[in-house]
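Presented below is the structure to which this report refers.
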Amino acid sequence: MARGLLLAGALIVLVGIFDDRFEVDALTKFAGQVAAAGIFIMHGIQLYVIPLPTGESLSLPPTYGVPLTVFVVVATINAVNFIDGLDGLAAGVVGIAALALFSYAYLLSYTNGFTTLTGATLTAAILFGICAGFLPHNFNPARIFMGDTGSMLIGLLLSASTIMLTGQFDAAVIGAYQLFPFYVPLLLVPAVAAVPFIDMLLAVWRRTNQGRSPFSPDKQHLHHRLLELGHSVRRAVLIMYFWVGLLAFSLVGLSLTGSALLVASVTVTVATGGLVA
């Protein structure tokens, strides 16, 4: 798996460098992203199972597992790429997602006596370290910019951690009463990136409806609208950090505590405090 991560990462970085330097077309970037997903699949980084409500796991044949894996990789890369519009936004959001994935995997493994040293936890930890090290130089006012090279790479690593976590825990060993945690890897990234994913879908619809490429840039993203409401760049970014972190760790808390009422109460209280502030 490490070899697959390195090769796919090298390919996506190469595509990103050419895009940042020469502005390659959207189809070429898309082809590079699909090729990176293909490298993942060739090295075993693929969706093989999906947990069922009965406590059993549904095995995915290549007919379904391969296209689902490609979709997760491409969608995550582009969601991260689309939110890279303000200083520190993409690095912070992905860093929060990586920390939540690492916390979920580590705590669940430790609680149930499993090994905590897995490809998923290592990838999430490395990704969090990358974002934490880069963010001080990228937060407003930014001194360094990640460009498409950086945004696509961290999106790729985020998708890899998500895919490797899915199916890592056996429901027969942990018990069906704890089934919800098995859905967390697939739910966490969409939950953390719910706003970016929705923003991405709206951007694709908006641009294609205007007869433009879905990858062509514009100034109508959510973070741009926050600026139009009068928020400073820093405040707009911190607002998105807050909601992303709240969604991410509420989901992780729900998977580890088993008390939906407790988690919902804390989440609503924190959300209310955030709205008032």
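Identifiers in this document derive from the order of the structure tokens: chains are assigned A, B, ..., residues are numbered from 1 separately in each chain, and ligands are numbered from 1 in order of occurrence.
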- Message: So that I can see what lies close to region 135-137 of chain A, please list as a VMD selection string the residues with an atom at most 8 Å from it, counting only C-alpha atoms and leaving out residues fewer than 6 positions away in the same chain.
- Response: chain A and resid 88 91 to 92 143 to 144
- Item | Surrounding residues of Gln33 (chain A) excluding itself and chain neighbours under 2 positions, 9 Å, only C-alpha atoms, as a ChimeraX atom specification | /A:8,11-12,15,28-31,35-38,70,73-74,77,152,156
- Item | Of the listed residues A:Thr118, A:Ser232, A:Asn138, A:Thr208, that which approaches Ala2 (chain A) most closely, counting only C-alpha atoms | A:Thr118
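Atom pair CA of Pro61 (chain A) / CA of Val49 (chain A): separated by 8.8 Å.
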- Neighbours of Ala264 (chain A) within 12 Å (only C-alpha atoms; same-chain residues fewer than 3 positions away dropped), as a list of chain:residue names? A:Leu246, A:Leu247, A:Phe249, A:Ser250, A:Leu251, A:Gly253, A:Leu254, A:Thr257, A:Gly258, A:Ser259, A:Ala260, A:Leu261, A:Thr267, A:Val268, A:Thr269, A:Val270, A:Ala271, A:Thr272
- Task: Calculate how many Å separate CA of Gly155 (chain A) from CA of Ile96 (chain A), rounding to one decimal.
- Result: 12.7 Å
- Task: Go through region 24-73 of chain A and collect every residue that DSSP, computed from the backbone, puts in strand (DSSP E); the answer should be as a list in words.
- Result: Val49, Ile50, Pro51, Ser57, Leu58 and Ser59 of chain A
Writer output for current selection, all heavy atoms, as a PDB file, in the first residue's frame:
ATOM      1  N   VAL A  49     -15.492  -3.976   0.947  1.00  0.00           N
ATOM      2  CA  VAL A  49     -16.704  -4.345   1.682  1.00  0.00           C
ATOM      3  C   VAL A  49     -17.443  -3.096   2.133  1.00  0.00           C
ATOM      4  O   VAL A  49     -16.856  -2.027   2.295  1.00  0.00           O
ATOM      5  CB  VAL A  49     -16.383  -5.224   2.909  1.00  0.00           C
ATOM      6  CG1 VAL A  49     -15.775  -6.549   2.494  1.00  0.00           C
ATOM      7  CG2 VAL A  49     -15.474  -4.492   3.883  1.00  0.00           C
ATOM      8  N   ILE A  50     -18.736  -3.284   2.336  1.00  0.00           N
ATOM      9  CA  ILE A  50     -19.577  -2.239   2.925  1.00  0.00           C
ATOM     10  C   ILE A  50     -20.388  -2.894   4.037  1.00  0.00           C
ATOM     11  O   ILE A  50     -21.012  -3.941   3.816  1.00  0.00           O
ATOM     12  CB  ILE A  50     -20.517  -1.607   1.886  1.00  0.00           C
ATOM     13  CG1 ILE A  50     -19.718  -0.788   0.878  1.00  0.00           C
ATOM     14  CG2 ILE A  50     -21.562  -0.723   2.565  1.00  0.00           C
ATOM     15  CD1 ILE A  50     -20.558  -0.114  -0.176  1.00  0.00           C
ATOM     16  N   PRO A  51     -20.361  -2.362   5.261  1.00  0.00           N
ATOM     17  CA  PRO A  51     -21.104  -2.972   6.381  1.00  0.00           C
ATOM     18  C   PRO A  51     -22.608  -2.846   6.176  1.00  0.00           C
ATOM     19  O   PRO A  51     -23.100  -1.856   5.639  1.00  0.00           O
ATOM     20  CB  PRO A  51     -20.633  -2.180   7.596  1.00  0.00           C
ATOM     21  CG  PRO A  51     -20.179  -0.874   7.039  1.00  0.00           C
ATOM     22  CD  PRO A  51     -19.627  -1.157   5.680  1.00  0.00           C
ATOM     23  N   SER A  57     -21.060  -7.984   6.532  1.00  0.00           N
ATOM     24  CA  SER A  57     -20.400  -7.109   5.558  1.00  0.00           C
ATOM     25  C   SER A  57     -20.728  -7.578   4.145  1.00  0.00           C
ATOM     26  O   SER A  57     -20.724  -8.783   3.863  1.00  0.00           O
ATOM     27  CB  SER A  57     -18.880  -7.115   5.763  1.00  0.00           C
ATOM     28  OG  SER A  57     -18.554  -6.573   7.018  1.00  0.00           O
ATOM     29  N   LEU A  58     -21.022  -6.629   3.288  1.00  0.00           N
ATOM     30  CA  LEU A  58     -21.308  -6.923   1.895  1.00  0.00           C
ATOM     31  C   LEU A  58     -20.029  -6.806   1.086  1.00  0.00           C
ATOM     32  O   LEU A  58     -19.432  -5.727   1.017  1.00  0.00           O
ATOM     33  CB  LEU A  58     -22.365  -5.956   1.353  1.00  0.00           C
ATOM     34  CG  LEU A  58     -22.666  -6.054  -0.151  1.00  0.00           C
ATOM     35  CD1 LEU A  58     -23.295  -7.405  -0.482  1.00  0.00           C
ATOM     36  CD2 LEU A  58     -23.580  -4.916  -0.592  1.00  0.00           C
ATOM     37  N   SER A  59     -19.592  -7.905   0.506  1.00  0.00           N
ATOM     38  CA  SER A  59     -18.393  -7.887  -0.320  1.00  0.00           C
ATOM     39  C   SER A  59     -18.696  -7.227  -1.657  1.00  0.00           C
ATOM     40  O   SER A  59     -19.734  -7.498  -2.271  1.00  0.00           O
ATOM     41  CB  SER A  59     -17.883  -9.317  -0.557  1.00  0.00           C
ATOM     42  OG  SER A  59     -17.486  -9.915   0.656  1.00  0.00           O
TER      43      SER A  59
END
- Message: Need to verify the contact set: Thr69 (chain A), 12 Å, only C-alpha atoms, exclusion of same-chain residues closer than 2 positions in sequence. Can you return it as number ranges by chain?
- Response: A: 33-42, 44-49, 60-67, 71-76, 156, 159-160, 162-164, 166, 186
- CA of Ala90 (chain A) and CA of Ser151 (chain A) are how many Å apart? 7.1 Å
Find the spatial neighbours of Val237 (chain A), counting only C-alpha atoms, within a cut-off of 8 Å - ignore same-chain residues fewer than 6 positions away - and output them as a PDB file with N, CA and C atoms, in the first residue's frame.
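Result written to out37.pdb:
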ATOM      1  N   LEU A  86      -9.386  30.528  -0.167  1.00  0.00           N
ATOM      2  CA  LEU A  86      -8.975  31.525   0.814  1.00  0.00           C
ATOM      3  C   LEU A  86      -7.737  31.025   1.540  1.00  0.00           C
ATOM      4  N   ASP A  87      -6.941  31.951   2.040  1.00  0.00           N
ATOM      5  CA  ASP A  87      -5.717  31.577   2.745  1.00  0.00           C
ATOM      6  C   ASP A  87      -6.027  30.637   3.913  1.00  0.00           C
ATOM      7  N   GLY A  88      -5.426  29.456   3.896  1.00  0.00           N
ATOM      8  CA  GLY A  88      -5.544  28.516   5.002  1.00  0.00           C
ATOM      9  C   GLY A  88      -6.801  27.676   5.023  1.00  0.00           C
ATOM     10  N   LEU A  89      -7.720  27.880   4.089  1.00  0.00           N
ATOM     11  CA  LEU A  89      -9.002  27.181   4.153  1.00  0.00           C
ATOM     12  C   LEU A  89      -8.853  25.686   3.880  1.00  0.00           C
ATOM     13  N   HIS A 223     -17.227  30.514   0.485  1.00  0.00           N
ATOM     14  CA  HIS A 223     -16.293  31.405   1.187  1.00  0.00           C
ATOM     15  C   HIS A 223     -16.284  32.808   0.585  1.00  0.00           C
TER      16      HIS A 223
END
